[in-house]
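Below: target.cif (mmCIF, C-alpha atoms and all ligand atoms)
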```cif
data_entry
loop_
_atom_site.label_atom_id
_atom_site.label_comp_id
_atom_site.auth_asym_id
_atom_site.auth_seq_id
_atom_site.Cartn_x
_atom_site.Cartn_y
_atom_site.Cartn_z
CA MET W 261 6.59 18.76 -29.30
CA LEU W 262 3.24 17.07 -29.79
CA PRO W 263 0.10 19.15 -29.31
CA GLU W 264 -2.12 18.41 -26.30
CA LEU W 265 -3.90 15.08 -26.73
CA PRO W 266 -7.61 15.18 -27.60
CA PRO W 267 -9.98 13.76 -24.95
CA ALA W 268 -10.11 9.97 -24.58
CA THR W 269 -13.06 7.97 -25.92
CA LEU W 270 -12.82 5.58 -22.97
CA ARG W 271 -12.87 6.43 -19.30
CA LEU W 272 -13.28 4.81 -15.94
CA ALA W 273 -15.92 6.48 -13.81
CA ILE W 274 -14.59 6.19 -10.27
CA ASP W 275 -16.89 7.10 -7.39
CA ARG W 276 -14.40 8.52 -4.88
CA ASP W 277 -17.06 8.99 -2.21
CA ALA W 278 -17.99 5.32 -2.49
CA LEU W 279 -14.33 4.32 -2.20
CA ALA W 280 -13.92 6.43 0.95
CA ALA W 281 -17.20 5.10 2.37
CA ASN W 282 -16.14 1.50 1.68
CA TRP W 283 -12.86 2.05 3.55
CA ARG W 284 -14.73 3.59 6.50
CA ALA W 285 -17.20 0.68 6.55
CA LEU W 286 -14.35 -1.87 6.53
CA ASP W 287 -12.50 0.09 9.22
CA ARG W 288 -15.65 0.09 11.39
CA LEU W 289 -16.22 -3.64 10.77
CA SER W 290 -12.58 -4.23 11.79
CA GLY W 291 -13.57 -3.32 15.38
CA GLN W 292 -10.52 -2.54 17.53
CA ALA W 293 -8.22 -3.02 14.54
CA SER W 294 -7.51 -0.38 11.90
CA ALA W 295 -8.17 -1.10 8.26
CA GLY W 296 -5.25 -0.70 5.87
CA ALA W 297 -5.59 -1.04 2.10
CA ALA W 298 -4.21 -3.46 -0.47
CA VAL W 299 -3.33 -1.17 -3.39
CA LYS W 300 -1.28 -3.70 -5.36
CA ALA W 301 -1.84 -4.08 -9.11
CA ASP W 302 -2.43 -0.34 -9.47
CA ALA W 303 -5.14 -0.39 -6.79
CA TYR W 304 -6.80 -3.41 -8.43
CA GLY W 305 -6.91 -1.58 -11.75
CA LEU W 306 -8.44 1.68 -10.51
CA GLY W 307 -5.17 3.57 -10.62
CA VAL W 308 -3.12 4.11 -7.49
CA ALA W 309 -2.94 7.84 -8.23
CA VAL W 310 -6.73 7.99 -7.86
CA ALA W 311 -7.19 5.52 -5.02
CA ALA W 312 -4.31 6.30 -2.65
CA PRO W 313 -5.17 9.98 -1.99
CA VAL W 314 -8.84 9.10 -1.39
CA LEU W 315 -7.93 6.30 1.03
CA ARG W 316 -5.38 8.44 2.87
CA GLU W 317 -7.91 11.26 3.16
CA ALA W 318 -10.47 8.79 4.56
CA GLY W 319 -8.00 7.87 7.32
CA CYS W 320 -6.09 4.87 5.96
CA ARG W 321 -2.51 4.68 7.26
CA ASP W 322 -1.21 1.33 5.93
CA PHE W 323 -0.85 0.48 2.24
CA PHE W 324 0.22 -2.82 0.69
CA VAL W 325 1.71 -3.43 -2.74
CA ALA W 326 3.09 -6.71 -4.10
CA HIS W 327 6.08 -5.60 -6.22
CA TRP W 328 8.97 -3.22 -5.54
CA GLN W 329 8.18 -1.69 -8.93
CA GLU W 330 4.84 -0.51 -7.48
CA VAL W 331 6.51 1.57 -4.75
CA PRO W 332 7.43 4.81 -6.60
CA ALA W 333 3.87 5.53 -7.81
CA LEU W 334 2.52 4.97 -4.29
CA LEU W 335 5.16 7.16 -2.65
CA GLU W 336 3.81 10.11 -4.63
CA HIS W 337 0.78 9.95 -2.34
CA VAL W 338 1.68 8.39 1.02
CA PRO W 339 4.75 8.48 3.30
CA PRO W 340 7.26 5.59 3.11
CA ALA W 341 6.49 4.41 6.66
CA ALA W 342 2.90 3.69 5.51
CA VAL W 343 4.03 1.24 2.80
CA ALA W 344 4.77 -2.49 2.99
CA VAL W 345 5.82 -4.66 0.03
CA LEU W 346 4.23 -8.10 0.15
CA HIS W 347 6.63 -10.02 -2.08
CA GLY W 348 9.57 -9.11 0.14
CA PRO W 349 13.26 -8.85 -0.70
CA LEU W 350 14.09 -11.63 -3.15
CA THR W 351 17.46 -10.05 -3.97
CA ALA W 352 20.01 -7.81 -2.24
CA ALA W 353 18.91 -5.06 -4.66
CA ASP W 354 15.36 -5.29 -3.30
CA ALA W 355 16.59 -5.00 0.29
CA ALA W 356 18.84 -2.03 -0.56
CA PHE W 357 15.93 -0.34 -2.33
CA ALA W 358 13.71 -0.78 0.75
CA LYS W 359 16.41 0.62 3.04
CA THR W 360 16.93 3.66 0.86
CA CYS W 361 13.25 4.51 0.40
CA GLY W 362 12.18 3.67 3.95
CA VAL W 363 9.36 1.29 3.00
CA ARG W 364 8.94 -2.00 4.92
CA PRO W 365 9.62 -5.31 3.26
CA VAL W 366 7.33 -8.19 4.21
CA ILE W 367 9.75 -11.02 5.03
CA ASN W 368 8.46 -14.31 3.62
CA SER W 369 11.31 -16.79 4.09
CA LEU W 370 14.54 -17.41 6.00
CA LEU W 371 16.43 -16.33 2.88
CA GLN W 372 14.54 -13.02 2.82
CA ALA W 373 15.19 -12.55 6.55
CA GLN W 374 18.91 -13.08 5.90
CA ARG W 375 18.86 -10.60 3.02
CA TRP W 376 17.19 -7.98 5.18
CA ILE W 377 19.66 -8.40 8.06
CA GLU W 378 22.59 -8.26 5.60
CA ALA W 379 21.19 -5.01 4.18
CA GLY W 380 21.23 -3.54 7.70
CA GLY W 381 17.77 -4.59 8.92
CA GLY W 382 15.32 -2.18 10.54
CA PRO W 383 11.53 -2.29 10.78
CA CYS W 384 9.97 -5.00 8.61
CA ASP W 385 6.82 -7.09 8.48
CA LEU W 386 6.77 -10.87 8.66
CA MET W 387 4.37 -13.14 6.74
CA ILE W 388 3.82 -16.59 8.17
CA ASP W 389 2.16 -19.33 6.18
CA THR W 390 -0.65 -20.90 8.19
CA GLY W 391 -2.05 -23.10 5.44
CA ILE W 392 -2.42 -21.31 2.11
CA ASN W 393 1.01 -22.65 1.05
CA ARG W 394 1.91 -19.68 -1.06
CA ILE W 395 4.60 -17.32 0.24
CA GLY W 396 5.41 -16.94 3.94
CA LEU W 397 7.52 -18.62 6.61
CA SER W 398 6.50 -22.03 7.82
CA LEU W 399 5.86 -22.31 11.54
CA GLY W 400 8.87 -24.61 11.75
CA ASP W 401 11.10 -21.74 10.51
CA LEU W 402 10.20 -19.44 13.39
CA PRO W 403 12.82 -20.70 15.93
CA ASP W 404 15.64 -19.92 13.46
CA PRO W 405 18.05 -17.40 15.03
CA VAL W 406 17.79 -15.04 12.04
CA ILE W 407 14.12 -14.46 12.89
CA ALA W 408 15.04 -13.27 16.39
CA GLN W 409 17.19 -10.55 14.79
CA LEU W 410 14.21 -9.02 12.95
CA GLU W 411 12.48 -5.86 14.12
CA ILE W 412 8.92 -6.93 13.31
CA ASP W 413 6.29 -4.27 12.94
CA VAL W 414 3.35 -6.29 11.54
CA LEU W 415 3.09 -10.07 11.95
CA HIS W 416 0.92 -11.22 9.04
CA SER W 417 -0.75 -14.34 7.85
CA HIS W 418 -3.22 -14.71 4.99
CA LEU W 419 -6.47 -16.71 4.84
CA ALA W 420 -7.08 -19.13 1.99
CA SER W 421 -10.87 -19.47 2.30
CA ALA W 422 -12.10 -16.35 4.09
CA ASP W 423 -14.96 -15.97 1.58
CA GLU W 424 -16.33 -19.41 2.52
CA ASP W 425 -17.70 -20.96 5.67
CA SER W 426 -14.72 -23.28 5.98
CA ALA W 427 -13.00 -25.03 8.89
CA GLN W 428 -9.73 -23.84 7.35
CA ASN W 429 -10.41 -20.33 8.70
CA ALA W 430 -10.34 -21.33 12.37
CA ALA W 431 -7.34 -23.60 11.79
CA GLN W 432 -5.36 -20.75 10.23
CA GLN W 433 -6.50 -18.29 12.91
CA SER W 434 -5.24 -20.54 15.67
CA ARG W 435 -1.82 -21.01 14.03
CA TRP W 436 -1.50 -17.25 13.53
CA ASN W 437 -2.50 -16.74 17.16
CA ALA W 438 0.12 -19.23 18.32
CA ALA W 439 2.81 -17.39 16.33
CA ARG W 440 1.72 -14.13 18.01
CA GLY W 441 2.60 -15.76 21.30
CA VAL W 442 6.17 -16.64 20.34
CA LEU W 443 7.38 -13.75 18.16
CA GLN W 444 8.08 -10.18 19.22
CA HIS W 445 6.00 -7.82 17.08
CA LYS W 446 4.17 -4.50 17.32
CA ARG W 447 0.99 -5.31 15.38
CA ALA W 448 -0.71 -8.42 14.03
CA SER W 449 -2.78 -8.80 10.86
CA LEU W 450 -4.71 -11.70 9.31
CA ALA W 451 -7.89 -10.56 7.57
CA ASN W 452 -8.47 -9.58 3.94
CA SER W 453 -11.88 -8.15 2.95
CA ALA W 454 -13.86 -11.32 3.62
CA GLY W 455 -11.76 -12.16 6.70
CA ILE W 456 -12.97 -8.96 8.38
CA THR W 457 -16.47 -10.46 8.60
CA LEU W 458 -15.23 -13.51 10.53
CA GLY W 459 -15.19 -11.50 13.75
CA PRO W 460 -12.82 -10.05 16.38
CA ASP W 461 -10.66 -13.18 16.66
CA TYR W 462 -9.51 -12.48 13.10
CA HIS W 463 -8.86 -8.73 13.45
CA GLY W 464 -5.62 -8.38 15.40
CA ASN W 465 -4.46 -4.76 15.13
CA LEU W 466 -4.65 -4.22 11.39
CA THR W 467 -6.79 -5.60 8.54
CA ARG W 468 -5.83 -5.67 4.86
CA PRO W 469 -8.93 -5.25 2.68
CA GLY W 470 -8.52 -4.92 -1.07
CA LEU W 471 -11.44 -6.15 -3.17
CA ALA W 472 -14.24 -4.69 -1.00
CA LEU W 473 -12.66 -1.21 -1.02
CA TYR W 474 -13.17 -1.16 -4.77
CA GLY W 475 -16.77 -2.42 -4.70
CA GLY W 476 -16.27 -6.18 -4.63
CA VAL W 477 -18.58 -8.21 -2.42
CA PRO W 478 -16.75 -11.46 -1.58
CA CYS W 479 -19.27 -12.76 0.96
CA ALA W 480 -22.89 -12.24 1.96
CA ALA W 481 -21.95 -10.48 5.20
CA LEU W 482 -20.58 -7.53 3.21
CA ALA W 483 -23.57 -7.23 0.86
CA GLY W 484 -25.26 -4.26 2.57
CA GLU W 485 -22.01 -2.52 3.47
CA ILE W 486 -20.19 -2.03 0.18
CA SER W 487 -21.02 0.32 -2.72
CA GLN W 488 -19.99 0.11 -6.34
CA VAL W 489 -16.93 2.26 -7.12
CA VAL W 490 -15.99 1.62 -10.75
CA ALA W 491 -17.86 1.75 -14.07
CA PRO W 492 -16.32 1.77 -17.54
CA GLU W 493 -17.71 4.41 -19.90
CA ALA W 494 -17.17 4.46 -23.66
CA ALA W 495 -18.04 6.86 -26.48
CA LEU W 496 -20.03 5.86 -29.56
CA LEU W 497 -17.64 5.84 -32.53
CA GLN W 498 -20.27 5.20 -35.14
CA VAL W 499 -23.98 4.65 -35.54
CA ARG W 500 -25.51 2.73 -38.43
CA ASN W 501 -28.74 1.15 -39.63
CA ILE W 502 -28.78 -2.47 -40.73
CA ALA W 503 -31.46 -4.50 -42.48
CA ALA W 504 -33.07 -7.70 -41.21
CA GLY W 505 -30.77 -10.65 -41.95
CA GLU W 506 -27.50 -8.68 -41.81
CA SER W 507 -24.87 -9.93 -39.40
CA VAL W 508 -22.72 -8.06 -36.89
CA GLY W 509 -19.08 -8.53 -35.93
CA TYR W 510 -16.52 -11.30 -36.23
CA ASN W 511 -17.88 -14.69 -37.25
CA ALA W 512 -21.36 -13.22 -37.70
CA THR W 513 -22.58 -14.55 -34.36
CA PHE W 514 -25.42 -12.02 -34.35
CA VAL W 515 -27.93 -11.80 -37.18
CA ALA W 516 -30.46 -8.94 -37.09
CA PRO W 517 -33.99 -10.35 -36.70
CA ARG W 518 -35.40 -7.04 -38.03
CA ALA W 519 -34.16 -3.67 -39.27
CA MET W 520 -32.03 -2.21 -36.46
CA ARG W 521 -30.10 0.84 -35.43
CA ILE W 522 -26.76 -0.20 -33.98
CA GLY W 523 -23.78 1.63 -32.47
CA VAL W 524 -20.09 0.86 -32.10
CA ILE W 525 -18.42 1.81 -28.82
CA SER W 526 -14.75 2.42 -28.16
CA LEU W 527 -14.25 -0.51 -25.76
CA GLY W 528 -12.94 -4.00 -26.39
CA TYR W 529 -11.19 -6.97 -24.91
CA ALA W 530 -7.84 -5.17 -25.00
CA ASP W 531 -9.38 -2.88 -22.39
CA GLY W 532 -10.43 -5.80 -20.21
CA TYR W 533 -13.98 -6.01 -21.57
CA LEU W 534 -13.47 -9.66 -22.43
CA ARG W 535 -15.27 -11.76 -25.02
CA ALA W 536 -17.21 -13.26 -22.11
CA TRP W 537 -19.47 -10.21 -22.53
CA SER W 538 -20.29 -11.05 -26.17
CA GLY W 539 -24.06 -11.07 -26.66
CA LYS W 540 -24.71 -10.47 -22.94
CA GLY W 541 -23.17 -7.18 -21.73
CA MET W 542 -25.51 -4.31 -20.87
CA LEU W 543 -24.87 -0.58 -20.94
CA ARG W 544 -26.90 2.42 -19.93
CA SER W 545 -27.76 5.86 -21.26
CA MET W 546 -29.97 8.12 -19.17
CA GLY W 547 -31.58 5.19 -17.40
CA ARG W 548 -32.22 3.20 -20.58
CA SER W 549 -30.59 -0.18 -21.23
CA VAL W 550 -28.54 -0.89 -24.31
CA SER W 551 -27.38 -4.45 -24.99
CA VAL W 552 -24.19 -5.82 -26.52
CA ILE W 553 -24.72 -7.74 -29.77
CA GLY W 554 -22.25 -10.04 -31.47
CA ARG W 555 -18.65 -10.61 -30.45
CA VAL W 556 -16.66 -8.15 -28.42
CA SER W 557 -13.57 -7.33 -30.50
CA MET W 558 -10.19 -5.91 -29.49
CA ASP W 559 -11.05 -2.21 -29.62
CA MET W 560 -14.78 -2.16 -30.33
CA THR W 561 -18.08 -3.54 -29.15
CA VAL W 562 -21.39 -3.28 -31.01
CA VAL W 563 -24.61 -2.36 -29.21
CA ASP W 564 -28.30 -2.31 -30.11
CA LEU W 565 -29.58 1.28 -30.26
CA THR W 566 -33.07 0.45 -31.49
CA ALA W 567 -34.64 1.66 -28.23
CA THR W 568 -32.38 4.74 -27.96
CA PRO W 569 -32.66 6.35 -31.40
CA ASP W 570 -31.53 9.75 -30.10
CA LEU W 571 -27.95 8.56 -29.42
CA ARG W 572 -25.31 10.01 -31.73
CA GLU W 573 -21.63 9.53 -32.47
CA GLY W 574 -19.66 10.97 -29.57
CA ASP W 575 -22.35 10.23 -26.98
CA TRP W 576 -21.27 8.17 -23.98
CA LEU W 577 -22.59 4.91 -22.59
CA ARG W 578 -21.91 3.49 -19.15
CA VAL W 579 -21.26 -0.24 -18.81
CA ASP W 580 -23.23 -2.16 -16.16
CA TYR W 581 -20.35 -3.25 -13.93
CA SER W 582 -21.70 -4.12 -10.50
CA LEU W 583 -18.98 -6.63 -9.59
CA PRO W 584 -21.13 -9.37 -7.98
CA GLU W 585 -23.56 -9.28 -10.93
CA ALA W 586 -20.81 -8.98 -13.55
CA SER W 587 -19.13 -12.00 -11.99
CA SER W 588 -22.28 -14.14 -12.18
CA ALA W 589 -22.92 -13.00 -15.75
CA THR W 590 -19.44 -13.82 -17.06
CA GLY W 591 -17.96 -16.45 -14.74
CA LEU W 592 -14.97 -14.13 -14.19
CA SER W 593 -14.04 -13.46 -10.58
CA GLN W 594 -14.67 -10.02 -9.12
CA TYR W 595 -10.89 -9.70 -8.72
CA GLU W 596 -10.34 -10.40 -12.41
CA LEU W 597 -13.09 -7.99 -13.46
CA LEU W 598 -11.27 -5.17 -11.66
CA THR W 599 -7.64 -5.95 -12.41
CA LEU W 600 -8.34 -6.55 -16.12
CA LEU W 601 -9.30 -2.92 -16.69
CA GLY W 602 -6.70 -1.69 -19.14
CA ARG W 603 -4.43 1.27 -19.68
CA ARG W 604 -6.50 3.03 -22.31
CA PHE W 605 -9.11 4.25 -19.82
CA ALA W 606 -8.82 7.87 -18.77
CA ARG W 607 -8.87 7.65 -14.98
C1 LIG S 701 -4.27 -9.03 -1.98
C2 LIG S 701 -4.08 -9.27 -0.54
C3 LIG S 701 -5.01 -8.82 0.39
C4 LIG S 701 -6.34 -8.22 0.00
O1 LIG S 701 -7.26 -9.25 -0.24
P1 LIG S 701 -8.78 -9.00 -0.69
O2 LIG S 701 -9.34 -10.37 -0.79
O3 LIG S 701 -8.70 -8.31 -2.01
O4 LIG S 701 -9.42 -8.17 0.35
C5 LIG S 701 -4.70 -8.97 1.72
N1 LIG S 701 -3.56 -9.57 2.12
C6 LIG S 701 -2.66 -10.03 1.24
C7 LIG S 701 -1.43 -10.69 1.75
C8 LIG S 701 -2.89 -9.93 -0.11
O5 LIG S 701 -2.00 -10.42 -0.98
#
```

Write-out of the structure in C-alpha cells:
Amino acid sequence: MLPELPPATLRLAIDRDALAANWRALDRLSGQASAGAAVKADAYGLGVAVAAPVLREAGCRDFFVAHWQEVPALLEHVPPAAVAVLHGPLTAADAAFAKTCGVRPVINSLLQAQRWIEAGGGPCDLMIDTGINRIGLSLGDLPDPVIAQLEIDVLHSHLASADEDSAQNAAQQSRWNAARGVLQHKRASLANSAGITLGPDYHGNLTRPGLALYGGVPCAALAGEISQVVAPEAALLQVRNIAAGESVGYNATFVAPRAMRIGVISLGYADGYLRAWSGKGMLRSMGRSVSVIGRVSMDMTVVDLTATPDLREGDWLRVDYSLPEASSATGLSQYELLTLLGRRFAR
C-alpha cells in the first residue's frame, strides 16, 4: 500500500458559480428552449466529475458526450435518460451497451439506424447533416423505411458557422426546419453556444452549448453574458538569481538584460501550456503580474520574479487564462485552450 499522495503542485482553479451562472445565462438566452450541456472530452478538459454535478444542480437535464467510453464517468452524476452519445452506435457492441445502460444513441447514418433497430431500438436521437458534412444523415436518407422505425426523442442538426455572420446559418436552419416537418420526434435541437445568439428560429426545444459554459466567448453577442470559469495555477519549484547576460531555458531564447530574480513553475506543455506561450504568457500573484521568459518546456516554465521579490518556493501563481484573450495571444482556438488542459492538474 502506498502512503497518501502529497498535494499536487499544479491545479485547475474552477469557478463553479461562474459555470452555473453561464449555464443559466445560456438557458435564458435559449428562450422557450432548454439549454443542455456538451460535456464531451471530459467537459472540455474541466473534468466531468466537477462540471456535471454543478450543471445538474443549476437545472441542466440533457448532457452530450461524443464517445461511448465517456458514458460511465458521466453516469456517476446524472441519470441515463439525461445522456446522449453523439458518435452513435458504430458497432453492435455500441448499440448493446446503450440498451443496457439506458443512454440514448444519436443515430448518424442508415447503418447506425439499422444497428439500433437490430439491438431492439427504443428512444434515440437523430442527427441530420444540413451542410457541415461531418456525421449525420443526409436529407435524402430520411425517406428510408428504417428511419420510420426509430423512436426519435431529439432531432438534431449542427451549425458549421454559428460564430460568424454567414448565409450558411439560415440555409442550415431551413433544412433542419424542413426535416422537422417530415420526421416524428419529441424535441428538436440545432444551436451550439454561438447558435443560441442567432435567435428563436434556431432554438427549437433544446440547445447544446459547450464552449460558453466553460467561459469561452465564440461571438460578440455573448461577450457580456459569459464569465471565466477556468484558470491554471502552478507552484514555484525553485527561485534563483541570475546575472546580466545569462540565458534561460532551452535554446537560450531569453538572455537577461540585467541581474534578475527568476522562478520555475510546475507547468509545461505536457499540461497543455503549449510553447505558444513562450516569452508571452502572464501569471499573477496577489494582483501583480509575472511574465513568462524563455521557452516553455515539458514540465516547467520560467518566470520573471524581479517585481515580486517576496515569492518563495512553494508559493502559487495563477495563469492569465481568459479564453478570448488567451486565444488572441497564442493563435490557439478557445476550444483548444480548454481541451488541452492535461491530466496532471488537481481538479
Ligand atoms: C461539441 C458540440 C456542441 C457544443 O458546441 P460549442 O460550440 O462548444 O457550444 C454542440 N453540438 C454538437 C453536435 C457538438 O458536437

Collect all residues with atoms no farther than 8 Å from ligand LIG 701 (chain S), counting all atoms listed in the file, and output them as number ranges by chain. W: 297-298, 300, 324, 326, 346, 416-418, 450-455, 467-473, 478, 595

Contacts of range 384-393 of chain W within 10 Å, all atoms listed in the file, excl. fewer than 5 positions in-chain, as a compact mmCIF listing (two decimals) with C-alpha atoms, in the coordinates of the input:
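Contents of around_33.txt, freshly written:
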```
# COMPACT_ATOMS: atom_id res chain seq x y z
CA ALA W 344 4.77 -2.49 2.99
CA VAL W 345 5.82 -4.66 0.03
CA LEU W 346 4.23 -8.10 0.15
CA HIS W 347 6.63 -10.02 -2.08
CA GLY W 348 9.57 -9.11 0.14
CA ALA W 358 13.71 -0.78 0.75
CA VAL W 363 9.36 1.29 3.00
CA ARG W 364 8.94 -2.00 4.92
CA PRO W 365 9.62 -5.31 3.26
CA VAL W 366 7.33 -8.19 4.21
CA ILE W 367 9.75 -11.02 5.03
CA ASN W 368 8.46 -14.31 3.62
CA SER W 369 11.31 -16.79 4.09
CA GLN W 372 14.54 -13.02 2.82
CA ALA W 373 15.19 -12.55 6.55
CA TRP W 376 17.19 -7.98 5.18
CA SER W 398 6.50 -22.03 7.82
CA LEU W 399 5.86 -22.31 11.54
CA ASP W 401 11.10 -21.74 10.51
CA LEU W 402 10.20 -19.44 13.39
CA ILE W 407 14.12 -14.46 12.89
CA LEU W 410 14.21 -9.02 12.95
CA GLU W 411 12.48 -5.86 14.12
CA ILE W 412 8.92 -6.93 13.31
CA ASP W 413 6.29 -4.27 12.94
CA VAL W 414 3.35 -6.29 11.54
CA LEU W 415 3.09 -10.07 11.95
CA HIS W 416 0.92 -11.22 9.04
CA SER W 417 -0.75 -14.34 7.85
CA HIS W 418 -3.22 -14.71 4.99
CA LEU W 419 -6.47 -16.71 4.84
CA ALA W 420 -7.08 -19.13 1.99
CA SER W 421 -10.87 -19.47 2.30
CA GLN W 428 -9.73 -23.84 7.35
CA ASN W 429 -10.41 -20.33 8.70
CA ALA W 431 -7.34 -23.60 11.79
CA GLN W 432 -5.36 -20.75 10.23
CA GLN W 433 -6.50 -18.29 12.91
CA SER W 434 -5.24 -20.54 15.67
CA ARG W 435 -1.82 -21.01 14.03
CA TRP W 436 -1.50 -17.25 13.53
CA ALA W 439 2.81 -17.39 16.33
CA LEU W 443 7.38 -13.75 18.16
CA HIS W 445 6.00 -7.82 17.08
CA LYS W 446 4.17 -4.50 17.32
CA ARG W 447 0.99 -5.31 15.38
CA ALA W 448 -0.71 -8.42 14.03
CA SER W 449 -2.78 -8.80 10.86
CA LEU W 450 -4.71 -11.70 9.31
```

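Comparing W:Gln488, W:Ser587, W:Thr561, W:Asn437 by their smallest distance to Gly464 in chain W, the closest is W:Asn437 (using all atoms listed in the file).
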
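All residues of protein, DNA or RNA that reach within 12 Å of Ala278 in chain W, judged by only C-alpha atoms and not counting those fewer than 6 positions away in the chain, are Arg284, Ala285, Ala311, Val314, Leu315, Ala318, Ala472, Leu473, Tyr474, Gly475, Gly476, Glu485, Ile486, Ser487, Gln488, Val489 and Val490 of chain W.
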
What is the distance between CA of Gln374 in chain W and CA of Gly400 in chain W, in Å to one decimal? 16.4 Å

Each side padded by 5 Å, which centre and which edge lengths in Å (one decimal) define the axis-aligned box around the listed atoms of range 468-486 of chain W? Give them as JSON.
```
{"center_x": -15.5, "center_y": -7.0, "center_z": 0.2, "size_x": 29.4, "size_y": 21.6, "size_z": 20.0}
```

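Relative to CA of Val442 in chain W, CA of Pro405 in chain W is found at 13.0 Å.
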
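Rounded to one decimal, CA of Phe605 in chain W and CA of Gly574 in chain W lie 15.9 Å from each other.
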
Which residues come within 9 Å of range 330-341 of chain W, counting all atoms listed in the file, excluding same-chain residues fewer than 4 positions away, as number ranges by chain? W: 299-302, 308-309, 312-313, 316, 321-323, 325-326, 345, 361-364

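Distance check against Leu306 in chain W using all atoms listed in the file: of W:Ile274, W:Met546, W:Met560, W:Leu289, the minimum falls on W:Ile274.
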
With range 564-567 of chain W as the partner and 6 Å as the cut-off, tabulate the residues of range 464-540 of chain W that qualify, each row holding the nearest pair of atoms and their distance in Å to one decimal, using all atoms listed in the file, sorted by chain and rising number, as a tab-separated table.
```
residue	atom	partner	partner_atom	distance
W:Met520	CA	W:Thr566	CA	5.7
W:Arg521	CA	W:Thr566	CA	4.9
W:Ile522	CA	W:Asp564	CA	4.7
```

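Using only C-alpha atoms for every distance, the candidate list W:Gly305, W:Pro492, W:Pro517, W:Pro263 yields W:Gly305 as the residue closest to Leu600 in chain W.
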